[in-house]
file structure-v4.csv (CSV, C-alpha atoms)
chain,number,residue,atom,x,y,z
A,244,MET,CA,37.9,-106.7,-15.9
A,245,GLN,CA,35.5,-103.8,-16.5
A,246,TRP,CA,34.4,-102.2,-13.2
A,247,GLN,CA,31.8,-99.4,-13.4
A,248,GLN,CA,30.7,-96.7,-11.0
A,249,ASP,CA,28.1,-98.3,-8.7
A,250,ILE,CA,24.8,-96.8,-7.5
A,251,LEU,CA,26.2,-96.6,-4.0
A,252,GLY,CA,28.7,-93.8,-4.9
A,253,ASP,CA,32.3,-93.1,-5.5
A,254,ASP,CA,33.6,-95.7,-3.1
A,255,PHE,CA,31.9,-98.6,-4.8
A,256,GLU,CA,32.2,-100.3,-8.2
A,257,SER,CA,30.2,-103.0,-9.9
A,258,HIS,CA,30.7,-105.6,-12.6
A,259,THR,CA,27.7,-107.3,-14.4
A,260,PHE,CA,28.3,-110.7,-16.0
A,261,SER,CA,26.6,-113.8,-17.2
A,262,ALA,CA,27.1,-117.3,-16.0
A,263,ALA,CA,25.7,-120.5,-17.3
A,264,GLY,CA,24.5,-123.2,-14.9
A,265,PRO,CA,24.4,-127.0,-15.4
A,266,ASP,CA,21.2,-126.5,-17.4
A,267,GLY,CA,23.0,-124.3,-19.9
A,268,VAL,CA,21.0,-121.2,-19.1
A,269,ASP,CA,22.9,-117.9,-19.0
A,270,ARG,CA,21.9,-115.8,-16.0
A,271,THR,CA,22.9,-112.3,-15.2
A,272,ALA,CA,24.5,-111.4,-11.9
A,273,THR,CA,26.3,-108.3,-10.6
A,274,LEU,CA,29.4,-108.2,-8.4
A,275,VAL,CA,29.8,-105.1,-6.2
A,276,ARG,CA,33.0,-104.1,-4.4
A,277,LEU,CA,34.2,-101.5,-2.1
A,278,ARG,CA,37.0,-99.8,-4.1
A,279,PRO,CA,40.3,-101.3,-2.9
A,280,GLY,CA,42.4,-99.0,-0.7
A,281,PRO,CA,45.3,-99.2,1.7
A,282,ASP,CA,43.0,-100.1,4.6
A,283,ASN,CA,42.1,-103.4,2.9
A,284,ALA,CA,45.5,-105.0,3.5
A,285,SER,CA,45.7,-107.4,6.4
A,286,ASP,CA,48.4,-106.9,9.1
A,287,GLY,CA,50.7,-109.4,7.4
A,288,GLY,CA,50.3,-107.9,4.0
A,289,ARG,CA,48.4,-111.0,2.8
A,290,ARG,CA,45.2,-110.1,0.9
A,291,ARG,CA,41.9,-111.7,1.9
A,292,ALA,CA,38.3,-111.1,0.9
A,293,VAL,CA,34.7,-111.6,2.0
A,294,LEU,CA,31.8,-112.2,-0.4
A,295,PHE,CA,28.3,-111.2,0.8
A,296,LEU,CA,25.0,-112.8,-0.5
A,297,HIS,CA,21.8,-110.8,0.1
A,298,GLY,CA,18.4,-112.2,1.1
A,299,TRP,CA,15.3,-112.8,-1.1
A,300,SER,CA,13.7,-109.8,-2.7
A,301,ASP,CA,16.8,-107.8,-1.7
A,302,TYR,CA,20.1,-106.4,-2.9
A,303,PHE,CA,23.3,-105.1,-1.4
A,304,PHE,CA,23.2,-101.5,0.0
A,305,ASN,CA,24.7,-101.6,3.5
A,306,VAL,CA,27.8,-99.5,3.0
A,307,ASP,CA,28.6,-99.7,6.7
A,308,LEU,CA,28.9,-103.4,6.5
A,309,ALA,CA,31.4,-103.1,3.7
A,310,ARG,CA,33.5,-100.6,5.6
A,311,PHE,CA,33.5,-102.8,8.7
A,312,TRP,CA,35.0,-105.6,6.7
A,313,ALA,CA,37.6,-103.3,5.1
A,314,GLY,CA,38.5,-102.1,8.6
A,315,ALA,CA,39.0,-105.8,9.6
A,316,GLY,CA,41.5,-106.3,6.8
A,317,TYR,CA,39.2,-107.8,4.1
A,318,GLU,CA,38.5,-106.7,0.6
A,319,PHE,CA,34.7,-106.5,0.4
A,320,TYR,CA,32.6,-107.9,-2.4
A,321,ALA,CA,28.8,-108.5,-2.6
A,322,LEU,CA,26.8,-110.4,-5.2
A,323,ASP,CA,23.4,-109.3,-6.5
A,324,MET,CA,22.3,-112.7,-7.7
A,325,HIS,CA,20.2,-113.2,-10.8
A,326,ASN,CA,16.6,-111.9,-10.7
A,327,HIS,CA,17.6,-109.6,-7.8
A,328,GLY,CA,18.6,-106.0,-7.3
A,329,ARG,CA,21.1,-104.7,-9.9
A,330,SER,CA,20.6,-108.0,-11.8
A,331,LEU,CA,16.8,-107.6,-12.3
A,332,ARG,CA,15.7,-107.9,-15.9
A,333,PRO,CA,12.2,-107.0,-17.2
A,334,GLU,CA,11.7,-110.3,-18.9
A,335,SER,CA,12.5,-112.4,-15.8
A,336,PRO,CA,10.3,-112.9,-12.7
A,337,GLY,CA,11.8,-111.0,-9.7
A,338,GLY,CA,13.4,-113.3,-7.1
A,339,TYR,CA,12.6,-116.5,-9.0
A,340,VAL,CA,14.9,-119.6,-9.0
A,341,ALA,CA,13.7,-123.2,-9.5
A,342,ASP,CA,16.8,-124.7,-7.8
A,343,LEU,CA,19.1,-123.0,-5.3
A,344,ALA,CA,22.0,-124.7,-7.0
A,345,ALA,CA,21.3,-122.5,-10.0
A,346,TYR,CA,23.2,-119.8,-8.1
A,347,ASP,CA,26.3,-121.9,-8.0
A,348,ALA,CA,27.6,-120.7,-11.4
A,349,GLU,CA,27.4,-117.0,-10.5
A,350,ILE,CA,29.0,-117.5,-7.1
A,351,GLU,CA,31.8,-119.5,-8.7
A,352,GLU,CA,32.3,-116.8,-11.3
A,353,ALA,CA,32.4,-114.2,-8.5
A,354,THR,CA,35.1,-116.1,-6.6
A,355,ARG,CA,37.0,-116.4,-9.9
A,356,VAL,CA,36.9,-112.7,-10.4
A,357,ILE,CA,38.0,-112.1,-6.8
A,358,ARG,CA,41.0,-114.4,-7.4
A,359,GLN,CA,41.7,-112.6,-10.6
A,360,GLU,CA,41.8,-109.3,-8.7
A,361,GLY,CA,44.7,-110.8,-6.7
A,362,VAL,CA,43.1,-112.3,-3.6
A,363,PRO,CA,44.4,-115.9,-3.4
A,364,GLY,CA,43.0,-118.9,-1.6
A,365,PRO,CA,39.6,-119.4,0.1
A,366,LEU,CA,37.5,-116.5,1.2
A,367,ALA,CA,35.0,-115.6,3.9
A,368,LEU,CA,31.5,-116.1,2.8
A,369,MET,CA,28.6,-114.1,4.4
A,370,GLY,CA,24.9,-114.6,3.7
A,371,HIS,CA,21.7,-113.0,5.0
A,372,SER,CA,18.3,-114.8,5.2
A,373,THR,CA,17.8,-116.8,2.0
A,374,GLY,CA,21.3,-115.8,1.0
A,375,GLY,CA,22.4,-117.4,4.2
A,376,LEU,CA,20.8,-120.7,3.2
A,377,VAL,CA,22.4,-120.4,-0.3
A,378,ALA,CA,25.8,-119.7,1.3
A,379,ALA,CA,25.6,-122.7,3.6
A,380,LEU,CA,24.6,-125.1,0.9
A,381,TRP,CA,27.3,-123.7,-1.5
A,382,THR,CA,29.9,-124.0,1.2
A,383,SER,CA,28.9,-127.7,1.8
A,384,ARG,CA,29.4,-128.3,-2.0
A,385,HIS,CA,32.7,-126.3,-2.2
A,386,PRO,CA,34.4,-126.7,1.1
A,387,GLU,CA,37.8,-125.8,-0.3
A,388,ALA,CA,36.6,-122.4,-1.4
A,389,VAL,CA,35.5,-121.0,2.0
A,390,SER,CA,37.6,-120.4,5.1
A,391,LEU,CA,34.9,-118.7,7.3
A,392,LEU,CA,31.1,-118.8,7.0
A,393,ILE,CA,29.1,-115.9,8.6
A,394,LEU,CA,25.3,-116.2,8.5
A,395,ASN,CA,23.1,-113.2,9.4
A,396,SER,CA,19.6,-114.5,10.2
A,397,PRO,CA,19.8,-117.4,7.8
A,398,TRP,CA,16.6,-119.0,6.6
A,399,LEU,CA,17.4,-122.6,7.5
A,400,GLU,CA,13.9,-123.9,8.3
A,401,MET,CA,10.2,-123.0,8.1
A,402,HIS,CA,8.3,-121.5,11.0
A,403,GLY,CA,7.5,-123.9,13.8
A,404,SER,CA,9.2,-127.2,12.9
A,405,SER,CA,10.1,-129.6,10.1
A,406,LEU,CA,6.5,-130.9,10.2
A,407,VAL,CA,5.4,-127.5,8.8
A,408,ARG,CA,8.0,-127.9,6.0
A,409,ARG,CA,6.9,-131.4,5.1
A,410,ALA,CA,3.3,-130.3,5.0
A,411,ALA,CA,4.1,-127.3,2.8
A,412,SER,CA,6.2,-129.5,0.5
A,413,SER,CA,3.4,-132.0,0.0
A,414,MET,CA,1.1,-129.1,-1.0
A,415,VAL,CA,3.4,-127.2,-3.3
A,416,ARG,CA,5.0,-130.1,-5.1
A,417,PRO,CA,2.2,-130.8,-7.6
A,418,VAL,CA,1.9,-127.2,-8.5
A,419,ALA,CA,5.7,-126.7,-8.8
A,420,ARG,CA,6.0,-129.7,-11.0
A,421,PHE,CA,3.5,-128.6,-13.7
A,422,ARG,CA,3.4,-124.8,-13.2
A,423,PRO,CA,6.7,-123.8,-11.5
A,424,GLU,CA,6.1,-120.0,-12.0
A,425,ALA,CA,2.6,-120.1,-10.7
A,426,VAL,CA,2.1,-117.4,-8.1
A,427,LEU,CA,0.9,-118.7,-4.7
A,428,ARG,CA,-1.7,-116.6,-2.9
A,429,LEU,CA,-0.1,-115.9,0.5
A,430,PRO,CA,-0.5,-113.0,2.9
A,431,GLU,CA,1.6,-110.0,1.9
A,432,ARG,CA,3.3,-108.1,4.7
A,433,GLY,CA,5.5,-104.9,4.6
A,434,HIS,CA,6.3,-104.9,8.3
A,435,TYR,CA,10.0,-105.5,7.9
A,436,TRP,CA,10.4,-103.0,5.1
A,437,ARG,CA,8.7,-100.4,7.4
A,438,THR,CA,11.4,-101.0,10.1
A,439,ILE,CA,14.4,-100.5,7.8
A,440,SER,CA,13.4,-98.0,5.1
A,441,ASP,CA,14.0,-94.3,5.6
A,442,ALA,CA,10.8,-93.8,3.6
A,443,ALA,CA,8.9,-95.3,6.6
A,444,ASP,CA,10.2,-95.7,10.2
A,445,GLY,CA,13.7,-96.9,9.4
A,446,GLU,CA,17.0,-95.2,8.7
A,447,TRP,CA,18.3,-96.9,5.5
A,448,PRO,CA,18.0,-95.6,1.9
A,449,VAL,CA,16.3,-98.6,0.3
A,450,ASP,CA,15.8,-98.2,-3.4
A,451,GLU,CA,12.4,-99.6,-4.3
A,452,ARG,CA,13.5,-100.3,-7.9
A,453,TYR,CA,15.7,-103.1,-6.4
A,454,ARG,CA,13.9,-104.0,-3.2
A,455,PRO,CA,10.1,-103.7,-3.3
A,456,ARG,CA,8.1,-102.7,-0.2
A,457,LEU,CA,6.4,-106.1,-0.3
A,458,ALA,CA,8.4,-109.2,-1.3
A,459,PHE,CA,8.4,-110.5,-4.8
A,460,PRO,CA,5.4,-112.8,-5.5
A,461,VAL,CA,6.0,-116.3,-4.1
A,462,ARG,CA,6.1,-118.8,-6.9
A,463,ALA,CA,5.6,-122.5,-6.6
A,464,GLY,CA,9.0,-123.5,-8.1
A,465,TRP,CA,10.9,-121.1,-5.9
A,466,LEU,CA,9.2,-122.3,-2.7
A,467,ARG,CA,9.9,-125.9,-3.7
A,468,ALA,CA,13.6,-125.0,-4.1
A,469,VAL,CA,13.7,-123.3,-0.7
A,470,LEU,CA,12.0,-126.2,1.0
A,471,ALA,CA,14.4,-128.6,-0.6
A,472,GLY,CA,17.3,-126.5,0.8
A,473,HIS,CA,15.8,-126.7,4.3
A,474,ALA,CA,15.5,-130.5,4.0
A,475,ARG,CA,19.2,-130.7,3.0
A,476,VAL,CA,20.2,-128.6,6.0
A,477,ALA,CA,18.1,-130.7,8.4
A,478,ARG,CA,20.0,-133.8,7.2
A,479,GLY,CA,23.3,-132.1,8.2
A,480,LEU,CA,25.9,-130.3,6.1
A,481,ASP,CA,29.0,-131.3,7.9
A,482,ILE,CA,30.8,-128.0,7.1
A,483,GLU,CA,34.4,-127.9,8.4
A,484,ALA,CA,34.9,-124.1,8.3
A,485,PRO,CA,34.1,-122.2,11.4
A,486,ILE,CA,30.5,-120.8,11.3
A,487,LEU,CA,29.0,-117.8,13.0
A,488,VAL,CA,25.2,-117.4,13.1
A,489,LEU,CA,23.8,-114.0,14.2
A,490,LEU,CA,20.1,-113.8,15.2
A,491,SER,CA,17.7,-111.6,17.0
A,492,ARG,CA,16.8,-112.8,20.5
A,493,GLU,CA,13.0,-112.8,19.7
A,494,SER,CA,10.6,-113.1,16.7
A,495,ALA,CA,7.4,-111.3,16.0
A,496,ASN,CA,5.7,-112.9,13.0
A,497,GLY,CA,2.1,-111.7,13.1
A,498,LEU,CA,0.1,-110.7,10.1
A,499,LEU,CA,-0.7,-107.3,11.7
A,500,TRP,CA,1.8,-104.7,12.7
A,501,SER,CA,2.9,-104.6,16.3
A,502,GLU,CA,5.5,-102.3,18.0
A,503,GLU,CA,7.5,-105.4,18.9
A,504,MET,CA,8.5,-105.6,15.3
A,505,ARG,CA,10.8,-102.7,15.8
A,506,ARG,CA,13.1,-104.8,18.0
A,507,THR,CA,12.6,-108.4,16.8
A,508,ASP,CA,12.9,-110.5,13.7
A,509,ALA,CA,9.6,-109.9,11.9
A,510,VAL,CA,10.4,-112.5,9.2
A,511,LEU,CA,11.8,-115.7,10.7
A,512,ASP,CA,11.3,-118.0,13.7
A,513,VAL,CA,14.6,-117.4,15.4
A,514,ASN,CA,14.2,-120.3,17.9
A,515,ILE,CA,13.9,-123.0,15.2
A,516,ILE,CA,16.7,-121.3,13.2
A,517,SER,CA,19.1,-121.4,16.2
A,518,THR,CA,18.3,-125.1,16.6
A,519,ARG,CA,18.8,-125.9,13.0
A,520,ALA,CA,22.1,-124.0,12.9
A,521,LEU,CA,23.6,-126.8,14.9
A,522,THR,CA,23.3,-129.1,11.9
A,523,LEU,CA,25.5,-127.0,9.7
A,524,GLY,CA,28.9,-128.1,10.9
A,525,ARG,CA,31.3,-129.0,13.6
A,526,THR,CA,32.2,-125.5,14.8
A,527,VAL,CA,29.1,-123.3,15.1
A,528,THR,CA,28.9,-120.1,17.2
A,529,ILE,CA,25.4,-118.7,17.8
A,530,GLU,CA,25.0,-115.0,18.8
A,531,ARG,CA,21.5,-114.0,20.0
A,532,ILE,CA,21.3,-110.2,19.9
A,533,ASP,CA,18.8,-108.2,22.0
A,534,GLY,CA,16.6,-105.8,20.0
A,535,ALA,CA,17.9,-107.0,16.6
A,536,LEU,CA,15.9,-106.9,13.4
A,537,HIS,CA,15.8,-109.6,10.8
A,538,ASP,CA,19.0,-108.2,9.3
A,539,VAL,CA,20.9,-107.6,12.5
A,540,PHE,CA,23.2,-105.1,10.8
A,541,LEU,CA,20.2,-102.9,9.9
A,542,SER,CA,19.0,-102.7,13.5
A,543,PRO,CA,19.0,-99.4,15.5
A,544,GLY,CA,22.5,-98.0,16.2
A,545,PRO,CA,23.2,-99.4,19.7
A,546,VAL,CA,22.0,-102.9,18.6
A,547,ARG,CA,24.0,-103.1,15.4
A,548,SER,CA,27.1,-101.8,17.3
A,549,ASP,CA,26.6,-104.9,19.6
A,550,ALA,CA,26.3,-107.1,16.5
A,551,TYR,CA,29.5,-105.7,15.0
A,552,ALA,CA,31.3,-106.1,18.3
A,553,ARG,CA,30.3,-109.8,18.4
A,554,LEU,CA,31.3,-110.3,14.8
A,555,ALA,CA,34.7,-108.6,15.5
A,556,ARG,CA,35.3,-110.8,18.5
A,557,TRP,CA,34.5,-113.9,16.5
A,558,LEU,CA,36.9,-112.9,13.8
A,559,ARG,CA,39.7,-112.4,16.3
A,560,ALA,CA,39.1,-116.0,17.4
A,561,TYR,CA,38.6,-117.7,14.1
A,562,GLY,CA,39.9,-115.2,11.4
A,563,GLU,CA,42.9,-116.2,9.4
A,564,SER,CA,46.1,-115.1,11.1
call {"tool": "encode", "arguments": {"input": "structure-v4.csv", "output": "structure tokens"}}
result
Amino acid sequence: MQWQQDILGDDFESHTFSAAGPDGVDRTATLVRLRPGPDNASDGGRRRAVLFLHGWSDYFFNVDLARFWAGAGYEFYALDMHNHGRSLRPESPGGYVADLAAYDAEIEEATRVIRQEGVPGPLALMGHSTGGLVAALWTSRHPEAVSLLILNSPWLEMHGSSLVRRAASSMVRPVARFRPEAVLRLPERGHYWRTISDAADGEWPVDERYRPRLAFPVRAGWLRAVLAGHARVARGLDIEAPILVLLSRESANGLLWSEEMRRTDAVLDVNIISTRALTLGRTVTIERIDGALHDVFLSPGPVRSDAYARLARWLRAYGES
């Protein structure tokens, strides 16, 4: 296994690989890890790992999240999925996927690499936003591979209700069928980027080569894939593994900037997400966090400390002993 120095510095390594899905297409993905050290061993000496999946138009860069998991006794890995972040290629449209199951092959390869690195058995899977949707769907298809599922503001439903989703599906389906890579003309907003990037009002060094200020263009085939994922969640996934869903207490989704966006989810409707989360499985914990941003672990210091405390408490209750 060839690990290279990662863009995040000496403590991180990355491995780029190709994986072919059921359609036979090879896709490039990048596995990132916090370099293993003595703090990664659990109390009983048994090695365990967590794999993180980023959101749409995003990549892994939160080193504090990796160190939290290491301190909790987990070896930390993150996957920059194809057409995202470290895995972007000039010839491919950023963020595009025509079927969320197309990520399965690279997630499976990542789990194979983690096992090859000496971490046996099922792992904890963590996903943010669209990555949370992907993580939930993948867990439902691979229940034996996941021991814990942690979802950070997962995109489980459209704004408002399933009626909005059905209406959107009926409109996008004809375009997606004949021109899947057609760009849909939708309002562009950089409000969330403004709240997290240290180039604006945030505190995080977000590399614009990997995460643009505005999201990638919304393409018809990608939106159809997401809507199909939402419909699958709405029917119920029946996941057996314990699930933690972390959300902001409030949303602020306007087209124009407002100061409320500094302390709310400026991307998703957290009320419909919290309702939809109950369809994921039999053991679901929902944490609503005051003042949290869309990525609760990128929120201002006191807020993300609260989020980490809630995650740590849940791990004490449901983590592998």
call {"tool": "atom_distance", "arguments": {"input": "structure-v4.csv", "atom1": "atom CA of Leu487 of chain A", "atom2": "atom CA of Glu530 of chain A"}}
result
7.6 Å
call {"tool": "closest_residue", "arguments": {"input": "structure-v4.csv", "among": "A:Thr518, A:Thr373, A:Ser501, A:Thr382", "to": "His537 of chain A", "atoms": "all atoms listed in the file"}}
result
A:Thr373
call {"tool": "closest_atom_pairs", "arguments": {"input": "structure-v4.csv", "of": "segment 432-548 of chain A", "to": "segment 362-367 of chain A", "cutoff": "12 Å", "atoms": "all atoms listed in the file", "output": "Markdown table"}}
result
| residue | atom | partner | partner_atom | distance |
| --- | --- | --- | --- | --- |
| A:Ala484 | CA | A:Ala367 | CA | 9.6 |
| A:Pro485 | CA | A:Ala367 | CA | 10.0 |
| A:Ile486 | CA | A:Ala367 | CA | 10.1 |
| A:Leu487 | CA | A:Ala367 | CA | 11.1 |
call {"tool": "write_last_selection", "arguments": {"input": "structure-v4.csv", "atoms": "C-alpha atoms", "output": "tab-separated table (two decimals), in the coordinates of the input"}}
result
chain	number	residue	atom	x	y	z
A	484	ALA	CA	34.90	-124.10	8.30
A	485	PRO	CA	34.10	-122.20	11.40
A	486	ILE	CA	30.50	-120.80	11.30
A	487	LEU	CA	29.00	-117.80	13.00
call {"tool": "closest_residue", "arguments": {"input": "structure-v4.csv", "among": "A:Phe260, A:Tyr453, A:Trp398, A:Tyr346", "to": "Trp381 of chain A", "atoms": "only C-alpha atoms"}}
result
A:Tyr346
call {"tool": "atom_distance", "arguments": {"input": "structure-v4.csv", "atom1": "atom CA of Thr273 of chain A", "atom2": "atom CA of His325 of chain A"}}
result
7.8 Å
call {"tool": "atom_distance", "arguments": {"input": "structure-v4.csv", "atom1": "atom CA of Ile529 of chain A", "atom2": "atom CA of Gly445 of chain A"}}
result
26.1 Å
call {"tool": "residues_around", "arguments": {"input": "structure-v4.csv", "residues": "Gly544 of chain A", "least_positions_apart": "4", "cutoff": "12 Å", "atoms": "only C-alpha atoms", "output": "PyMOL selection string"}}
result
chain A and resi 307+439+445-447+506+534-536+539-540+548-551
call {"tool": "closest_residue", "arguments": {"input": "structure-v4.csv", "among": "A:Ile250, A:Ile515, A:Val268, A:Leu294", "to": "Val407 of chain A", "atoms": "all atoms listed in the file"}}
result
A:Ile515
call {"tool": "closest_residue", "arguments": {"input": "structure-v4.csv", "among": "A:Phe459, A:Tyr339, A:Tyr435, A:Phe295", "to": "Glu502 of chain A", "atoms": "only C-alpha atoms"}}
result
A:Tyr435
call {"tool": "residues_near_point", "arguments": {"input": "structure-v4.csv", "point": "(19.8, -124.1, 8.1)", "cutoff": "12 Å", "atoms": "only C-alpha atoms", "output": "count of residues only"}}
result
52
call {"tool": "closest_residue", "arguments": {"input": "structure-v4.csv", "among": "A:Arg462, A:Arg278, A:Arg505, A:Arg559", "to": "Arg428 of chain A", "atoms": "all atoms listed in the file"}}
result
A:Arg462
call {"tool": "residues_near_point", "arguments": {"input": "structure-v4.csv", "point": "(6.8, -100.2, 1.8)", "cutoff": "12 Å", "atoms": "all atoms listed in the file", "output": "MDAnalysis selection string"}}
result
chainID A and resid 431:445 449:452 454:458
call {"tool": "closest_residue", "arguments": {"input": "structure-v4.csv", "among": "A:Val510, A:Val293, A:Ala263, A:Leu277", "to": "Gln248 of chain A", "atoms": "all atoms listed in the file"}}
result
A:Leu277
call {"tool": "residues_around", "arguments": {"input": "structure-v4.csv", "residues": "Arg420 of chain A", "least_positions_apart": "5", "cutoff": "9 Å", "atoms": "only C-alpha atoms", "output": "ChimeraX atom specification"}}
result
/A:415,463-464
call {"tool": "write_last_selection", "arguments": {"input": "structure-v4.csv", "atoms": "C-alpha atoms", "output": "short mmCIF file (atom, residue, chain, number, x, y, z; two decimals), in the coordinates of the input"}}
result
data_model
loop_
_atom_site.label_atom_id
_atom_site.label_comp_id
_atom_site.auth_asym_id
_atom_site.auth_seq_id
_atom_site.Cartn_x
_atom_site.Cartn_y
_atom_site.Cartn_z
CA VAL A 415 3.40 -127.20 -3.30
CA ALA A 463 5.60 -122.50 -6.60
CA GLY A 464 9.00 -123.50 -8.10
#
call {"tool": "decode", "arguments": {"input": "structure-v4.csv", "residues": "segment 365-389 of chain A", "atoms": "N, CA and C atoms", "output": "JSON list (two decimals), in the first residue's frame"}}
result
[["chain", "number", "residue", "atom", "x", "y", "z"],
["A", 365, "PRO", "N", -16.31, -4.87, 11.40],
["A", 365, "PRO", "CA", -17.06, -3.69, 10.96],
["A", 365, "PRO", "C", -16.47, -2.40, 11.50],
["A", 366, "LEU", "N", -16.78, -1.30, 10.86],
["A", 366, "LEU", "CA", -16.24, 0.00, 11.27],
["A", 366, "LEU", "C", -17.36, 0.98, 11.55],
["A", 367, "ALA", "N", -16.99, 2.10, 12.17],
["A", 367, "ALA", "CA", -17.92, 3.21, 12.33],
["A", 367, "ALA", "C", -17.90, 4.01, 11.03],
["A", 368, "LEU", "N", -19.07, 4.38, 10.55],
["A", 368, "LEU", "CA", -19.19, 5.15, 9.31],
["A", 368, "LEU", "C", -19.82, 6.49, 9.64],
["A", 369, "MET", "N", -19.18, 7.57, 9.20],
["A", 369, "MET", "CA", -19.65, 8.92, 9.48],
["A", 369, "MET", "C", -19.83, 9.67, 8.17],
["A", 370, "GLY", "N", -20.96, 10.36, 8.01],
["A", 370, "GLY", "CA", -21.19, 11.11, 6.79],
["A", 370, "GLY", "C", -21.80, 12.47, 7.07],
["A", 371, "HIS", "N", -21.42, 13.44, 6.23],
["A", 371, "HIS", "CA", -21.94, 14.80, 6.35],
["A", 371, "HIS", "C", -22.76, 15.16, 5.11],
["A", 372, "SER", "N", -23.96, 15.71, 5.33],
["A", 372, "SER", "CA", -24.81, 16.24, 4.27],
["A", 372, "SER", "C", -25.11, 15.17, 3.21],
["A", 373, "THR", "N", -24.75, 15.39, 1.94],
["A", 373, "THR", "CA", -24.97, 14.36, 0.93],
["A", 373, "THR", "C", -24.19, 13.10, 1.27],
["A", 374, "GLY", "N", -23.02, 13.26, 1.87],
["A", 374, "GLY", "CA", -22.26, 12.10, 2.33],
["A", 374, "GLY", "C", -23.00, 11.33, 3.41],
["A", 375, "GLY", "N", -23.83, 12.02, 4.18],
["A", 375, "GLY", "CA", -24.66, 11.33, 5.16],
["A", 375, "GLY", "C", -25.73, 10.49, 4.49],
["A", 376, "LEU", "N", -26.32, 11.01, 3.43],
["A", 376, "LEU", "CA", -27.28, 10.24, 2.65],
["A", 376, "LEU", "C", -26.61, 9.01, 2.05],
["A", 377, "VAL", "N", -25.44, 9.21, 1.46],
["A", 377, "VAL", "CA", -24.69, 8.09, 0.88],
["A", 377, "VAL", "C", -24.35, 7.05, 1.94],
["A", 378, "ALA", "N", -23.90, 7.52, 3.12],
["A", 378, "ALA", "CA", -23.52, 6.61, 4.19],
["A", 378, "ALA", "C", -24.71, 5.78, 4.66],
["A", 379, "ALA", "N", -25.88, 6.41, 4.81],
["A", 379, "ALA", "CA", -27.07, 5.68, 5.25],
["A", 379, "ALA", "C", -27.48, 4.63, 4.23],
["A", 380, "LEU", "N", -27.50, 5.01, 2.96],
["A", 380, "LEU", "CA", -27.89, 4.06, 1.92],
["A", 380, "LEU", "C", -26.89, 2.91, 1.82],
["A", 381, "TRP", "N", -25.61, 3.22, 1.93],
["A", 381, "TRP", "CA", -24.58, 2.17, 1.85],
["A", 381, "TRP", "C", -24.70, 1.22, 3.03],
["A", 382, "THR", "N", -24.95, 1.76, 4.22],
["A", 382, "THR", "CA", -25.10, 0.91, 5.40],
["A", 382, "THR", "C", -26.30, -0.03, 5.23],
["A", 383, "SER", "N", -27.38, 0.47, 4.66],
["A", 383, "SER", "CA", -28.57, -0.38, 4.47],
["A", 383, "SER", "C", -28.28, -1.53, 3.51],
["A", 384, "ARG", "N", -27.33, -1.32, 2.57],
["A", 384, "ARG", "CA", -26.98, -2.37, 1.62],
["A", 384, "ARG", "C", -25.85, -3.27, 2.12],
["A", 385, "HIS", "N", -25.10, -2.79, 3.14],
["A", 385, "HIS", "CA", -23.95, -3.54, 3.66],
["A", 385, "HIS", "C", -24.00, -3.55, 5.19],
["A", 386, "PRO", "N", -25.06, -4.10, 5.75],
["A", 386, "PRO", "CA", -25.24, -4.02, 7.21],
["A", 386, "PRO", "C", -24.13, -4.69, 8.01],
["A", 387, "GLU", "N", -23.50, -5.70, 7.43],
["A", 387, "GLU", "CA", -22.45, -6.40, 8.16],
["A", 387, "GLU", "C", -21.16, -5.59, 8.26],
["A", 388, "ALA", "N", -21.04, -4.53, 7.48],
["A", 388, "ALA", "CA", -19.79, -3.77, 7.41],
["A", 388, "ALA", "C", -19.74, -2.60, 8.38],
["A", 389, "VAL", "N", -20.88, -2.22, 8.99],
["A", 389, "VAL", "CA", -20.95, -1.00, 9.79],
["A", 389, "VAL", "C", -21.45, -1.34, 11.19]]
